[in-house]
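K.L.:
What follows is final_21.cif, made up of mmCIF, C-alpha atoms, pLDDT in the B column; chains and numbers go by the auth columns:
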```cif
data_upload
loop_
_atom_site.group_PDB
_atom_site.id
_atom_site.type_symbol
_atom_site.label_atom_id
_atom_site.label_comp_id
_atom_site.label_asym_id
_atom_site.label_seq_id
_atom_site.Cartn_x
_atom_site.Cartn_y
_atom_site.Cartn_z
_atom_site.B_iso_or_equiv
_atom_site.auth_seq_id
_atom_site.auth_asym_id
ATOM 1 C CA MET A 1 -46.045 -28.212 26.506 55.00 1 A
ATOM 2 C CA GLU A 2 -42.657 -29.316 25.205 54.00 2 A
ATOM 3 C CA PRO A 3 -42.436 -31.628 22.214 59.00 3 A
ATOM 4 C CA ALA A 4 -40.910 -35.122 22.689 79.00 4 A
ATOM 5 C CA GLU A 5 -38.378 -34.484 19.923 87.00 5 A
ATOM 6 C CA VAL A 6 -36.889 -31.127 19.066 89.00 6 A
ATOM 7 C CA SER A 7 -35.576 -29.966 15.713 92.00 7 A
ATOM 8 C CA VAL A 8 -33.692 -26.693 15.715 93.00 8 A
ATOM 9 C CA GLU A 9 -31.372 -24.939 13.283 92.00 9 A
ATOM 10 C CA ILE A 10 -28.225 -23.572 14.893 94.00 10 A
ATOM 11 C CA ASP A 11 -25.428 -21.595 13.320 94.00 11 A
ATOM 12 C CA ASP A 12 -22.474 -23.773 12.376 94.00 12 A
ATOM 13 C CA VAL A 13 -20.185 -21.636 14.586 95.00 13 A
ATOM 14 C CA ALA A 14 -22.238 -22.531 17.694 95.00 14 A
ATOM 15 C CA CYS A 15 -22.322 -26.188 16.628 93.00 15 A
ATOM 16 C CA ARG A 16 -18.530 -26.268 16.431 93.00 16 A
ATOM 17 C CA VAL A 17 -18.258 -24.745 19.916 93.00 17 A
ATOM 18 C CA ALA A 18 -20.593 -27.449 21.253 90.00 18 A
ATOM 19 C CA ILE A 19 -18.669 -30.238 19.504 89.00 19 A
ATOM 20 C CA ASP A 20 -15.166 -29.010 20.315 88.00 20 A
ATOM 21 C CA GLY A 21 -15.930 -27.962 23.874 85.00 21 A
ATOM 22 C CA LEU A 22 -14.851 -24.785 25.569 86.00 22 A
ATOM 23 C CA PRO A 23 -12.781 -25.355 28.705 85.00 23 A
ATOM 24 C CA PRO A 24 -13.888 -25.355 31.457 84.00 24 A
ATOM 25 C CA LEU A 25 -17.209 -26.355 29.823 85.00 25 A
ATOM 26 C CA VAL A 26 -17.516 -29.946 28.654 80.00 26 A
ATOM 27 C CA PRO A 27 -20.214 -30.867 26.128 78.00 27 A
ATOM 28 C CA HIS A 28 -22.589 -33.632 27.220 74.00 28 A
ATOM 29 C CA GLY A 29 -22.274 -36.813 25.162 73.00 29 A
ATOM 30 C CA SER A 30 -25.922 -37.076 24.052 84.00 30 A
ATOM 31 C CA PHE A 31 -26.383 -33.583 22.662 84.00 31 A
ATOM 32 C CA ARG A 32 -22.863 -33.590 21.287 86.00 32 A
ATOM 33 C CA ALA A 33 -23.710 -36.755 19.326 89.00 33 A
ATOM 34 C CA ALA A 34 -26.911 -35.125 18.033 90.00 34 A
ATOM 35 C CA ILE A 35 -24.905 -32.138 16.779 91.00 35 A
ATOM 36 C CA GLU A 36 -22.281 -34.369 15.177 91.00 36 A
ATOM 37 C CA GLN A 37 -25.082 -36.143 13.289 92.00 37 A
ATOM 38 C CA ALA A 38 -26.912 -32.911 12.391 92.00 38 A
ATOM 39 C CA GLU A 39 -27.876 -32.245 8.818 93.00 39 A
ATOM 40 C CA LYS A 40 -25.922 -29.354 7.334 92.00 40 A
ATOM 41 C CA ASP A 41 -27.797 -26.616 5.507 89.00 41 A
ATOM 42 C CA ILE A 42 -27.291 -23.109 4.169 88.00 42 A
ATOM 43 C CA ASP A 43 -29.473 -20.213 5.278 82.00 43 A
ATOM 44 C CA PRO A 44 -30.864 -17.970 2.490 85.00 44 A
ATOM 45 C CA ASP A 45 -28.329 -15.321 3.579 85.00 45 A
ATOM 46 C CA GLY A 46 -25.501 -17.820 2.993 85.00 46 A
ATOM 47 C CA SER A 47 -24.796 -18.767 6.628 85.00 47 A
ATOM 48 C CA ALA A 48 -23.963 -22.399 7.384 92.00 48 A
ATOM 49 C CA LEU A 49 -26.470 -24.086 9.692 92.00 49 A
ATOM 50 C CA CYS A 50 -26.818 -27.403 11.484 93.00 50 A
ATOM 51 C CA ARG A 51 -30.307 -28.910 11.806 94.00 51 A
ATOM 52 C CA VAL A 52 -30.125 -30.669 15.172 94.00 52 A
ATOM 53 C CA GLN A 53 -32.746 -33.257 16.135 93.00 53 A
ATOM 54 C CA CYS A 54 -32.697 -34.499 19.704 93.00 54 A
ATOM 55 C CA SER A 55 -34.776 -35.301 22.774 92.00 55 A
ATOM 56 C CA THR A 56 -36.179 -32.476 24.873 91.00 56 A
ATOM 57 C CA GLN A 57 -33.700 -33.263 27.662 91.00 57 A
ATOM 58 C CA ASP A 58 -30.766 -33.076 25.262 92.00 58 A
ATOM 59 C CA ALA A 59 -32.171 -29.823 23.868 92.00 59 A
ATOM 60 C CA ARG A 60 -32.385 -28.361 27.394 92.00 60 A
ATOM 61 C CA ASP A 61 -28.789 -29.440 28.044 92.00 61 A
ATOM 62 C CA LEU A 62 -27.675 -27.982 24.725 93.00 62 A
ATOM 63 C CA GLY A 63 -29.439 -24.688 25.467 94.00 63 A
ATOM 64 C CA ARG A 64 -27.768 -24.415 28.872 94.00 64 A
ATOM 65 C CA TYR A 65 -24.388 -25.291 27.385 94.00 65 A
ATOM 66 C CA LEU A 66 -24.757 -22.646 24.664 95.00 66 A
ATOM 67 C CA GLU A 67 -25.786 -20.022 27.247 96.00 67 A
ATOM 68 C CA GLN A 68 -22.727 -20.806 29.355 95.00 68 A
ATOM 69 C CA ALA A 69 -20.467 -20.869 26.303 96.00 69 A
ATOM 70 C CA ALA A 70 -21.820 -17.485 25.167 97.00 70 A
ATOM 71 C CA ALA A 71 -21.004 -15.973 28.563 97.00 71 A
ATOM 72 C CA GLU A 72 -17.530 -17.521 28.646 96.00 72 A
ATOM 73 C CA LEU A 73 -16.738 -16.388 25.099 97.00 73 A
ATOM 74 C CA GLN A 74 -17.924 -12.850 25.864 97.00 74 A
ATOM 75 C CA ILE A 75 -15.571 -12.701 28.844 96.00 75 A
ATOM 76 C CA ARG A 76 -12.763 -13.812 26.539 96.00 76 A
ATOM 77 C CA GLY A 77 -13.655 -11.114 24.010 97.00 77 A
ATOM 78 C CA ASP A 78 -14.675 -13.617 21.314 97.00 78 A
ATOM 79 C CA TYR A 79 -17.837 -11.757 20.350 97.00 79 A
ATOM 80 C CA GLU A 80 -18.592 -13.548 17.067 96.00 80 A
ATOM 81 C CA ARG A 81 -18.720 -16.995 18.672 96.00 81 A
ATOM 82 C CA SER A 82 -20.424 -15.585 21.774 97.00 82 A
ATOM 83 C CA THR A 83 -23.221 -14.140 19.647 97.00 83 A
ATOM 84 C CA ALA A 84 -23.610 -17.376 17.683 96.00 84 A
ATOM 85 C CA CYS A 85 -23.929 -19.355 20.927 97.00 85 A
ATOM 86 C CA ALA A 86 -26.419 -16.884 22.439 98.00 86 A
ATOM 87 C CA GLN A 87 -28.540 -17.045 19.290 96.00 87 A
ATOM 88 C CA GLY A 88 -28.323 -20.841 19.313 96.00 88 A
ATOM 89 C CA ALA A 89 -29.511 -20.940 22.923 97.00 89 A
ATOM 90 C CA GLU A 90 -32.459 -18.710 22.002 97.00 90 A
ATOM 91 C CA ARG A 91 -33.367 -20.940 19.054 95.00 91 A
ATOM 92 C CA VAL A 92 -33.323 -23.984 21.333 95.00 92 A
ATOM 93 C CA ARG A 93 -35.546 -22.174 23.849 95.00 93 A
ATOM 94 C CA ARG A 94 -38.061 -21.287 21.146 94.00 94 A
ATOM 95 C CA ALA A 95 -38.057 -24.808 19.752 93.00 95 A
ATOM 96 C CA LEU A 96 -38.741 -26.196 23.240 92.00 96 A
ATOM 97 C CA GLU A 97 -41.672 -23.820 23.560 90.00 97 A
ATOM 98 C CA GLY A 98 -43.086 -25.293 20.365 83.00 98 A
ATOM 99 C CA HIS A 99 -42.429 -22.359 18.029 64.00 99 A
ATOM 100 C CA PRO A 100 -40.664 -24.081 15.134 54.00 100 A
ATOM 101 C CA ARG A 101 -41.051 -21.121 12.765 46.00 101 A
ATOM 102 C CA SER A 102 -39.333 -18.821 15.204 41.00 102 A
ATOM 103 C CA SER A 103 -36.502 -21.264 15.923 44.00 103 A
ATOM 104 C CA ARG A 104 -34.428 -19.397 13.304 44.00 104 A
ATOM 105 C CA ALA A 105 -33.979 -16.071 15.051 44.00 105 A
#
```
Would you give me this structure, written as structure tokens?
P.N.:
Amino acid sequence: MEPAEVSVEIDDVACRVAIDGLPPLVPHGSFRAAIEQAEKDIDPDGSALCRVQCSTQDARDLGRYLEQAAAELQIRGDYERSTACAQGAERVRRALEGHPRSSRA
């Protein structure tokens, strides 16, 4: 069962892709607002993270957007941002499944 609210940590690179947009993909207003308001944090390995809290619907939309962005960035040869988006999509999926400890893959 999915939680009503989702909290997931996503790499700052993926957050910037979701905020800035990636033509032809357009970020949805609700999840974009959640990312813009996300708490910033630093992973123990020194990576910048965004702690996004949003509704389950916004999390689903964010996960789909990150999956599409990862594919588009891979086609463009932008492998660093593609990987960050793919990992972000996986973290969202895990958070939706109710595995908060594994949301930081």
K.L.:
Which residues are near range 71-80 of chain A? Cut-off 9 Å, all atoms listed in the file, ignore same chain within fewer than 6 positions. Put them as a VMD selection string.
P.N.:
chain A and resid 13 22 25 86
K.L.:
Suppose we keep C-alpha atoms; can you now write the selection as a PDB file, in the frame of the given file?
P.N.:
```pdb
ATOM      1  CA  VAL A  13     -20.185 -21.636  14.586  1.00 95.00           C
ATOM      2  CA  LEU A  22     -14.851 -24.785  25.569  1.00 86.00           C
ATOM      3  CA  LEU A  25     -17.209 -26.355  29.823  1.00 85.00           C
ATOM      4  CA  ALA A  86     -26.419 -16.884  22.439  1.00 98.00           C
TER       5      ALA A  86
END
```
K.L.:
Quick one: distance from CA of Glu9 in chain A to CA of Pro24 in chain A in Å, one decimal?
P.N.:
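CA of Glu9 in chain A sits 25.2 Å away from CA of Pro24 in chain A.
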K.L.:
Can you spell out as an NGL selection string the set of residues that the PyMOL selection byres ((chain A and resi 34) around 12) selects in the structure I just provided?
P.N.:
:A and (5-8 or 15 or 18-19 or 27-33 or 35-39 or 50-59 or 61-62)
K.L.:
Go through A:Ile10, A:Ile42, A:Val26, A:Leu49 and flag the residue nearest Cys85 in chain A, using only C-alpha atoms for the distances.
P.N.:
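Among the listed residues, A:Ile10 lies closest to Cys85 in chain A.
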K.L.:
Put a box with edges along x, y and z around all the listed atoms of range 39-51 of chain A, pad it by 4 Å on each side, then give me its centre and sizes in Å, one decimal, as lines of an AutoDock Vina configuration file.
P.N.:
```
center_x = -27.4
center_y = -23.8
center_z = 7.1
size_x = 14.9
size_y = 24.9
size_z = 17.3
```
K.L.:
CA of Ala4 in chain A to CA of Glu90 in chain A: how many Å, to one decimal?
P.N.:
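Result for CA of Ala4 in chain A versus CA of Glu90 in chain A: 18.5 Å, one decimal.
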K.L.:
Would you work out the distance separating CA of Ser47 in chain A from CA of Val17 in chain A, expressed in Å to one decimal?
P.N.:
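Atom-to-atom, CA of Ser47 in chain A to CA of Val17 in chain A, that is 16.0 Å.
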K.L.:
Complete the atoms of range 39-57 of chain A to N, CA, C and O atoms and put them out as a compact mmCIF listing (two decimals), in the frame of the given file.
P.N.:
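New file out.txt:
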```
# COMPACT_ATOMS: atom_id res chain seq x y z
N GLU A 39 -27.86 -32.52 10.25
CA GLU A 39 -27.88 -32.24 8.82
C GLU A 39 -27.36 -30.83 8.59
O GLU A 39 -27.75 -29.90 9.30
N LYS A 40 -26.47 -30.67 7.65
CA LYS A 40 -25.92 -29.35 7.33
C LYS A 40 -26.82 -28.68 6.30
O LYS A 40 -27.37 -29.33 5.41
N ASP A 41 -26.95 -27.38 6.41
CA ASP A 41 -27.80 -26.62 5.51
C ASP A 41 -27.20 -25.22 5.35
O ASP A 41 -26.30 -24.84 6.10
N ILE A 42 -27.71 -24.49 4.39
CA ILE A 42 -27.29 -23.11 4.17
C ILE A 42 -28.52 -22.22 4.28
O ILE A 42 -29.54 -22.46 3.64
N ASP A 43 -28.43 -21.20 5.11
CA ASP A 43 -29.47 -20.21 5.28
C ASP A 43 -29.57 -19.39 3.99
O ASP A 43 -28.58 -19.26 3.27
N PRO A 44 -30.75 -18.82 3.69
CA PRO A 44 -30.86 -17.97 2.49
C PRO A 44 -29.83 -16.84 2.43
O PRO A 44 -29.45 -16.40 1.34
N ASP A 45 -29.34 -16.38 3.59
CA ASP A 45 -28.33 -15.32 3.58
C ASP A 45 -26.92 -15.87 3.40
O ASP A 45 -25.94 -15.13 3.41
N GLY A 46 -26.80 -17.20 3.25
CA GLY A 46 -25.50 -17.82 2.99
C GLY A 46 -24.80 -18.36 4.22
O GLY A 46 -23.71 -18.91 4.12
N SER A 47 -25.41 -18.26 5.39
CA SER A 47 -24.80 -18.77 6.63
C SER A 47 -24.95 -20.29 6.72
O SER A 47 -26.00 -20.83 6.39
N ALA A 48 -23.91 -20.95 7.19
CA ALA A 48 -23.96 -22.40 7.38
C ALA A 48 -24.74 -22.71 8.66
O ALA A 48 -24.53 -22.08 9.70
N LEU A 49 -25.64 -23.69 8.56
CA LEU A 49 -26.47 -24.09 9.69
C LEU A 49 -26.37 -25.59 9.92
O LEU A 49 -26.06 -26.34 9.01
N CYS A 50 -26.69 -25.99 11.13
CA CYS A 50 -26.82 -27.40 11.48
C CYS A 50 -28.25 -27.60 11.95
O CYS A 50 -28.73 -26.88 12.82
N ARG A 51 -28.94 -28.58 11.37
CA ARG A 51 -30.31 -28.91 11.81
C ARG A 51 -30.19 -30.05 12.81
O ARG A 51 -29.98 -31.20 12.44
N VAL A 52 -30.31 -29.72 14.08
CA VAL A 52 -30.12 -30.67 15.17
C VAL A 52 -31.48 -31.24 15.58
O VAL A 52 -32.42 -30.49 15.83
N GLN A 53 -31.55 -32.57 15.65
CA GLN A 53 -32.75 -33.26 16.14
C GLN A 53 -32.34 -34.06 17.36
O GLN A 53 -31.40 -34.86 17.30
N CYS A 54 -33.05 -33.82 18.46
CA CYS A 54 -32.70 -34.50 19.70
C CYS A 54 -33.90 -34.55 20.64
O CYS A 54 -34.94 -33.95 20.37
N SER A 55 -33.73 -35.24 21.76
CA SER A 55 -34.78 -35.30 22.77
C SER A 55 -34.90 -33.94 23.46
O SER A 55 -34.00 -33.10 23.38
N THR A 56 -36.01 -33.74 24.16
CA THR A 56 -36.18 -32.48 24.87
C THR A 56 -35.11 -32.29 25.95
O THR A 56 -34.63 -31.19 26.16
N GLN A 57 -34.73 -33.38 26.63
CA GLN A 57 -33.70 -33.26 27.66
C GLN A 57 -32.37 -32.85 27.05
O GLN A 57 -31.68 -31.98 27.58
```
